[in-house]
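S.K.: Next comes the structure file run-v8.pdb, holding PDB, C-alpha atoms.
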```
ATOM      1  CA  MET A   1       0.000   0.000   0.000
ATOM      2  CA  THR A   2       1.484   3.337  -1.074
ATOM      3  CA  GLY A   3       1.357   6.509   1.010
ATOM      4  CA  LYS A   4      -1.333   7.941  -1.245
ATOM      5  CA  GLN A   5      -3.545   4.871  -0.800
ATOM      6  CA  LEU A   6      -3.015   4.997   2.946
ATOM      7  CA  LEU A   7      -4.033   8.676   3.041
ATOM      8  CA  ILE A   8      -7.167   7.921   0.999
ATOM      9  CA  ALA A   9      -8.080   5.046   3.331
ATOM     10  CA  VAL A  10      -7.598   7.259   6.404
ATOM     11  CA  LEU A  11      -9.696  10.108   4.942
ATOM     12  CA  LEU A  12     -12.511   7.798   3.854
ATOM     13  CA  GLY A  13     -12.454   5.931   7.162
ATOM     14  CA  ALA A  14     -12.655   9.220   9.072
ATOM     15  CA  ALA A  15     -15.584  10.382   6.915
ATOM     16  CA  ALA A  16     -17.487   7.131   7.485
ATOM     17  CA  LEU A  17     -16.712   7.235  11.222
ATOM     18  CA  ILE A  18     -17.977  10.824  11.510
ATOM     19  CA  GLN A  19     -21.181   9.900   9.746
ATOM     20  CA  PHE A  20     -21.635   6.870  11.982
ATOM     21  CA  LEU A  21     -21.186   9.034  15.088
ATOM     22  CA  CYS A  22     -23.671  11.567  13.697
ATOM     23  CA  VAL A  23     -26.275   8.857  13.148
ATOM     24  CA  LEU A  24     -25.595   7.607  16.678
ATOM     25  CA  GLY A  25     -25.978  11.119  18.084
ATOM     26  CA  VAL A  26     -29.245  11.741  16.277
ATOM     27  CA  TRP A  27     -30.522   8.379  17.573
ATOM     28  CA  LEU A  28     -29.493   8.886  21.169
ATOM     29  CA  MET A  29     -30.054  12.562  21.900
ATOM     30  CA  PRO A  30     -33.289  13.223  23.780
ATOM     31  CA  HIS A  31     -34.530  16.395  22.112
ATOM     32  CA  VAL A  32     -34.750  17.767  18.573
ATOM     33  CA  TYR A  33     -32.546  20.772  19.435
ATOM     34  CA  ASP A  34     -29.844  18.431  20.713
ATOM     35  CA  ARG A  35     -30.197  16.161  17.693
ATOM     36  CA  LEU A  36     -29.751  19.034  15.256
ATOM     37  CA  HIS A  37     -26.176  19.534  16.480
ATOM     38  CA  PHE A  38     -25.254  16.149  15.056
ATOM     39  CA  LEU A  39     -26.200  17.138  11.504
ATOM     40  CA  THR A  40     -23.322  19.615  11.371
ATOM     41  CA  PRO A  41     -20.299  17.257  11.341
ATOM     42  CA  ALA A  42     -22.000  15.051   8.721
ATOM     43  CA  THR A  43     -22.487  18.049   6.433
ATOM     44  CA  SER A  44     -19.465  20.260   7.125
ATOM     45  CA  VAL A  45     -16.591  17.910   8.040
ATOM     46  CA  ALA A  46     -17.260  14.584   6.310
ATOM     47  CA  PRO A  47     -17.717  16.128   2.810
ATOM     48  CA  TRP A  48     -14.280  17.773   3.041
ATOM     49  CA  LEU A  49     -12.684  14.466   4.046
ATOM     50  CA  VAL A  50     -14.313  12.751   1.059
ATOM     51  CA  ALA A  51     -13.317  15.637  -1.236
ATOM     52  CA  GLY A  52      -9.764  15.386   0.126
ATOM     53  CA  ALA A  53      -9.708  11.677  -0.653
ATOM     54  CA  VAL A  54     -10.958  12.291  -4.200
ATOM     55  CA  TRP A  55      -8.404  15.091  -4.676
ATOM     56  CA  THR A  56      -5.616  12.827  -3.455
ATOM     57  CA  ARG A  57      -6.474  10.466  -6.301
ATOM     58  CA  GLU A  58      -7.808  12.749  -9.043
ATOM     59  CA  ALA A  59      -6.725  16.340  -8.180
ATOM     60  CA  MET A  60      -7.775  18.770 -10.917
ATOM     61  CA  ALA A  61      -9.871  16.256 -12.860
ATOM     62  CA  HIS A  62     -13.654  16.389 -13.254
ATOM     63  CA  GLN A  63     -14.093  14.092 -10.239
ATOM     64  CA  GLY A  64     -12.031  16.264  -7.916
ATOM     65  CA  ILE A  65     -13.754  19.478  -8.914
ATOM     66  CA  VAL A  66     -17.248  18.032  -8.510
ATOM     67  CA  ALA A  67     -16.371  16.482  -5.125
ATOM     68  CA  LEU A  68     -15.118  19.913  -4.037
ATOM     69  CA  LEU A  69     -18.323  21.545  -5.312
ATOM     70  CA  VAL A  70     -20.429  19.092  -3.304
ATOM     71  CA  ALA A  71     -18.401  19.878  -0.167
ATOM     72  CA  VAL A  72     -18.678  23.659  -0.723
ATOM     73  CA  PHE A  73     -22.405  23.419  -1.425
ATOM     74  CA  MET A  74     -23.044  21.466   1.767
ATOM     75  CA  LEU A  75     -20.851  23.761   3.848
ATOM     76  CA  VAL A  76     -22.603  26.908   2.594
ATOM     77  CA  PHE A  77     -26.217  25.780   2.499
ATOM     78  CA  GLN A  78     -26.564  23.273   5.349
ATOM     79  CA  PRO A  79     -26.403  25.977   8.075
ATOM     80  CA  VAL A  80     -29.320  27.706   6.340
ATOM     81  CA  LEU A  81     -31.234  24.439   6.380
ATOM     82  CA  THR A  82     -30.395  23.826  10.039
ATOM     83  CA  HIS A  83     -31.590  27.320  10.951
ATOM     84  CA  ALA A  84     -34.822  26.803   9.008
ATOM     85  CA  THR A  85     -35.316  23.431  10.714
ATOM     86  CA  ILE A  86     -34.890  24.964  14.175
ATOM     87  CA  ARG A  87     -37.405  27.649  13.260
ATOM     88  CA  ALA A  88     -39.855  25.061  11.978
ATOM     89  CA  ALA A  89     -39.408  22.896  15.083
ATOM     90  CA  ARG A  90     -40.086  25.859  17.349
ATOM     91  CA  ALA A  91     -43.062  27.011  15.273
ATOM     92  CA  HIS A  92     -44.427  23.473  15.278
ATOM     93  CA  GLN A  93     -43.984  23.249  19.042
ATOM     94  CA  LEU A  94     -45.147  26.719  20.126
ATOM     95  CA  GLY A  95     -47.119  28.042  17.171
ATOM     96  CA  ASP A  96     -44.607  30.792  16.404
ATOM     97  CA  TRP A  97     -40.826  30.725  16.237
ATOM     98  CA  ARG A  98     -40.350  34.239  17.616
ATOM     99  CA  PRO A  99     -39.627  34.750  21.348
ATOM    100  CA  ARG A 100     -42.746  34.946  23.452
ATOM    101  CA  PRO A 101     -43.388  37.934  25.754
ATOM    102  CA  GLY A 102     -41.134  37.652  28.780
ATOM    103  CA  GLU A 103     -38.992  34.939  27.223
ATOM    104  CA  THR A 104     -35.259  35.598  27.381
ATOM    105  CA  VAL A 105     -32.565  33.983  25.348
ATOM    106  CA  HIS A 106     -29.812  34.142  27.972
ATOM    107  CA  ARG A 107     -30.429  33.035  31.517
ATOM    108  CA  ARG A 108     -29.170  35.502  34.092
ATOM    109  CA  SER A 109     -26.458  34.186  36.359
ATOM    110  CA  PRO A 110     -27.477  33.986  40.048
ATOM    111  CA  ALA A 111     -26.378  36.943  42.171
TER     112      ALA A 111
ATOM    113  CA  MET B   1     -13.759  -4.366  -3.485
ATOM    114  CA  ASN B   2     -11.490  -1.385  -2.912
ATOM    115  CA  GLU B   3     -11.555   1.171  -0.077
ATOM    116  CA  TRP B   4     -13.999   3.392  -1.991
ATOM    117  CA  LEU B   5     -16.571   0.646  -2.355
ATOM    118  CA  TRP B   6     -16.179  -0.425   1.284
ATOM    119  CA  THR B   7     -16.766   3.145   2.403
ATOM    120  CA  GLY B   8     -19.710   3.512   0.026
ATOM    121  CA  ALA B   9     -21.225   0.274   1.368
ATOM    122  CA  ALA B  10     -20.791   1.529   4.951
ATOM    123  CA  MET B  11     -22.504   4.798   4.061
ATOM    124  CA  VAL B  12     -25.376   2.987   2.355
ATOM    125  CA  GLY B  13     -25.677   0.856   5.498
ATOM    126  CA  LEU B  14     -25.976   4.029   7.562
ATOM    127  CA  LEU B  15     -29.064   4.929   5.553
ATOM    128  CA  VAL B  16     -30.996   2.162   7.342
ATOM    129  CA  PRO B  17     -31.053   3.901  10.767
ATOM    130  CA  CYS B  18     -31.781   7.191   8.973
ATOM    131  CA  ALA B  19     -34.767   5.596   7.241
ATOM    132  CA  LEU B  20     -35.975   4.204  10.578
ATOM    133  CA  LEU B  21     -35.630   7.670  12.095
ATOM    134  CA  ALA B  22     -37.595   9.134   9.219
ATOM    135  CA  MET B  23     -40.433   6.666   9.803
ATOM    136  CA  ARG B  24     -41.045   7.043  13.530
ATOM    137  CA  GLY B  25     -41.513   9.679  16.198
ATOM    138  CA  ALA B  26     -42.597  13.292  15.919
ATOM    139  CA  ILE B  27     -42.625  14.936  12.512
ATOM    140  CA  VAL B  28     -39.607  17.148  13.288
ATOM    141  CA  ASP B  29     -37.607  14.081  14.357
ATOM    142  CA  ARG B  30     -38.593  12.374  11.113
ATOM    143  CA  LEU B  31     -37.413  15.439   9.219
ATOM    144  CA  LEU B  32     -34.016  15.150  10.935
ATOM    145  CA  GLY B  33     -33.739  11.528   9.792
ATOM    146  CA  PHE B  34     -34.502  12.666   6.260
ATOM    147  CA  GLU B  35     -31.924  15.479   6.372
ATOM    148  CA  LEU B  36     -29.186  13.245   7.743
ATOM    149  CA  GLY B  37     -30.023  10.520   5.237
ATOM    150  CA  SER B  38     -29.849  13.044   2.383
ATOM    151  CA  ALA B  39     -26.418  14.258   3.484
ATOM    152  CA  ILE B  40     -25.114  10.701   3.758
ATOM    153  CA  THR B  41     -26.580   9.813   0.351
ATOM    154  CA  SER B  42     -24.765  12.753  -1.281
ATOM    155  CA  LEU B  43     -21.411  11.556   0.018
ATOM    156  CA  ALA B  44     -22.201   7.896  -0.712
ATOM    157  CA  LEU B  45     -22.858   8.854  -4.356
ATOM    158  CA  VAL B  46     -19.472  10.627  -4.549
ATOM    159  CA  VAL B  47     -17.624   7.702  -2.981
ATOM    160  CA  LEU B  48     -19.401   5.068  -5.095
ATOM    161  CA  ALA B  49     -18.788   7.085  -8.277
ATOM    162  CA  GLU B  50     -15.067   7.045  -7.509
ATOM    163  CA  GLY B  51     -15.219   3.374  -6.509
ATOM    164  CA  PHE B  52     -16.835   2.362  -9.792
ATOM    165  CA  ASP B  53     -14.488   4.741 -11.654
ATOM    166  CA  ARG B  54     -17.376   6.413 -13.488
ATOM    167  CA  SER B  55     -16.854  10.168 -13.583
ATOM    168  CA  VAL B  56     -20.343  10.805 -14.941
ATOM    169  CA  TYR B  57     -21.833   9.574 -11.638
ATOM    170  CA  PHE B  58     -20.241  12.561  -9.907
ATOM    171  CA  ASP B  59     -22.720  14.829 -11.677
ATOM    172  CA  LEU B  60     -25.521  12.767 -10.144
ATOM    173  CA  ALA B  61     -24.077  13.442  -6.687
ATOM    174  CA  LEU B  62     -23.895  17.183  -7.366
ATOM    175  CA  VAL B  63     -27.446  17.377  -8.740
ATOM    176  CA  PHE B  64     -28.753  15.263  -5.854
ATOM    177  CA  THR B  65     -27.068  17.567  -3.327
ATOM    178  CA  ALA B  66     -28.649  20.663  -4.873
ATOM    179  CA  MET B  67     -32.082  19.078  -5.221
ATOM    180  CA  GLN B  68     -32.185  17.588  -1.723
ATOM    181  CA  TYR B  69     -31.460  21.053  -0.375
ATOM    182  CA  GLY B  70     -34.450  22.510  -2.229
ATOM    183  CA  ALA B  71     -36.699  19.601  -1.288
ATOM    184  CA  THR B  72     -35.808  19.750   2.391
ATOM    185  CA  LEU B  73     -36.224  23.516   2.488
ATOM    186  CA  MET B  74     -39.676  23.156   0.965
ATOM    187  CA  ILE B  75     -40.708  20.558   3.575
ATOM    188  CA  VAL B  76     -39.341  22.767   6.355
ATOM    189  CA  ARG B  77     -41.303  25.776   5.117
ATOM    190  CA  PHE B  78     -44.514  23.736   4.986
ATOM    191  CA  LEU B  79     -43.833  22.472   8.490
ATOM    192  CA  GLU B  80     -43.230  25.992   9.776
ATOM    193  CA  ARG B  81     -46.578  27.113   8.390
ATOM    194  CA  GLY B  82     -48.340  24.236  10.098
ATOM    195  CA  VAL B  83     -49.000  22.163   6.999
ATOM    196  CA  THR B  84     -48.380  18.534   8.000
ATOM    197  CA  PRO B  85     -49.165  15.321   6.166
TER     198      PRO B  85
END
```
Could you write out this file's structure as structure tokens?

M.R.:
Amino acid sequence: MTGKQLLIAVLLGAAALIQFLCVLGVWLMPHVYDRLHFLTPATSVAPWLVAGAVWTREAMAHQGIVALLVAVFMLVFQPVLTHATIRAARAHQLGDWRPRPGETVHRRSPA
Amino acid sequence: MNEWLWTGAAMVGLLVPCALLAMRGAIVDRLLGFELGSAITSLALVVLAEGFDRSVYFDLALVFTAMQYGATLMIVRFLERGVTP
């Protein structure tokens, strides 16, 4: 096994491991707001590991460029989707996503 | 089987718990299963395209990624407005 093959195997293994841990986190977390945190590594770390593996093999070929585009697309647009999902979850739960009267975002520390 | 196909097979296997998530629980939890499954599918398509050495399959991964974003956003907007199946 050459160094390049070893690097590809490590990158792909890390990507698969991250996705496995994300699935595990979404399964095990008790609440939707906790579960949403586990979407982020699957959409902003794993794609770059896969793109890195493809670039190690193909570099500036069609495959490498498209893998990079997929990673960039997911990195840019997934936070928007996560924000929209949180809004929808809150609206579904409370009827409106905006803060209710008297509701504060930050809890005051005890005096 | 090379390392690409093994990784692709592992990612396809991870779609099973995502599908189970998308079929049970509250509707927001099901949406999370769908979102996670879509993200995993995008990467599985990239990895399998490289594993099968078919560069044209990469375009499928890119189109799927763009379309799953639009589809999920549409579902989320419906959910926010209280429209549920």

S.K.: At a cut-off of 12 Å, using all atoms listed in the file, what residues contact Ala66 of chain B? Leave out same-chain residues fewer than 3 positions from it and give the result as a ChimeraX atom specification.

M.R.: /A:69-74,76-78 /B:38-39,42,59-63,69-73

S.K.: Which chain A residues are at most 8 Å from chain B (counting all atoms listed in the file), as a PyMOL selection string?

M.R.: chain A and resi 9+12-13+16+19-20+23+26-27+32+35-36+39+42-43+47+50+54+62-63+66-67+69-70+73-74+77-78+81+84-85+87-89+91-92

S.K.: Check the smallest atom-to-atom distance from each of A:Ala61, A:Ala53, A:Leu21, A:Leu6 to Gly51 of chain B using all atoms listed in the file, then report the winner.

M.R.: A:Ala53

S.K.: Could you name the residues that touch Ala15 of chain A at 6 Å or less, counting only C-alpha atoms, but leaving out those on the same chain fewer than 3 positions away, as a compact mmCIF listing (two decimals) with C-alpha atoms, in the frame of the given file?

M.R.:
```txt
# COMPACT_ATOMS: atom_id res chain seq x y z
CA LEU A 12 -12.51 7.80 3.85
CA ILE A 18 -17.98 10.82 11.51
CA ALA A 46 -17.26 14.58 6.31
CA LEU A 49 -12.68 14.47 4.05
```
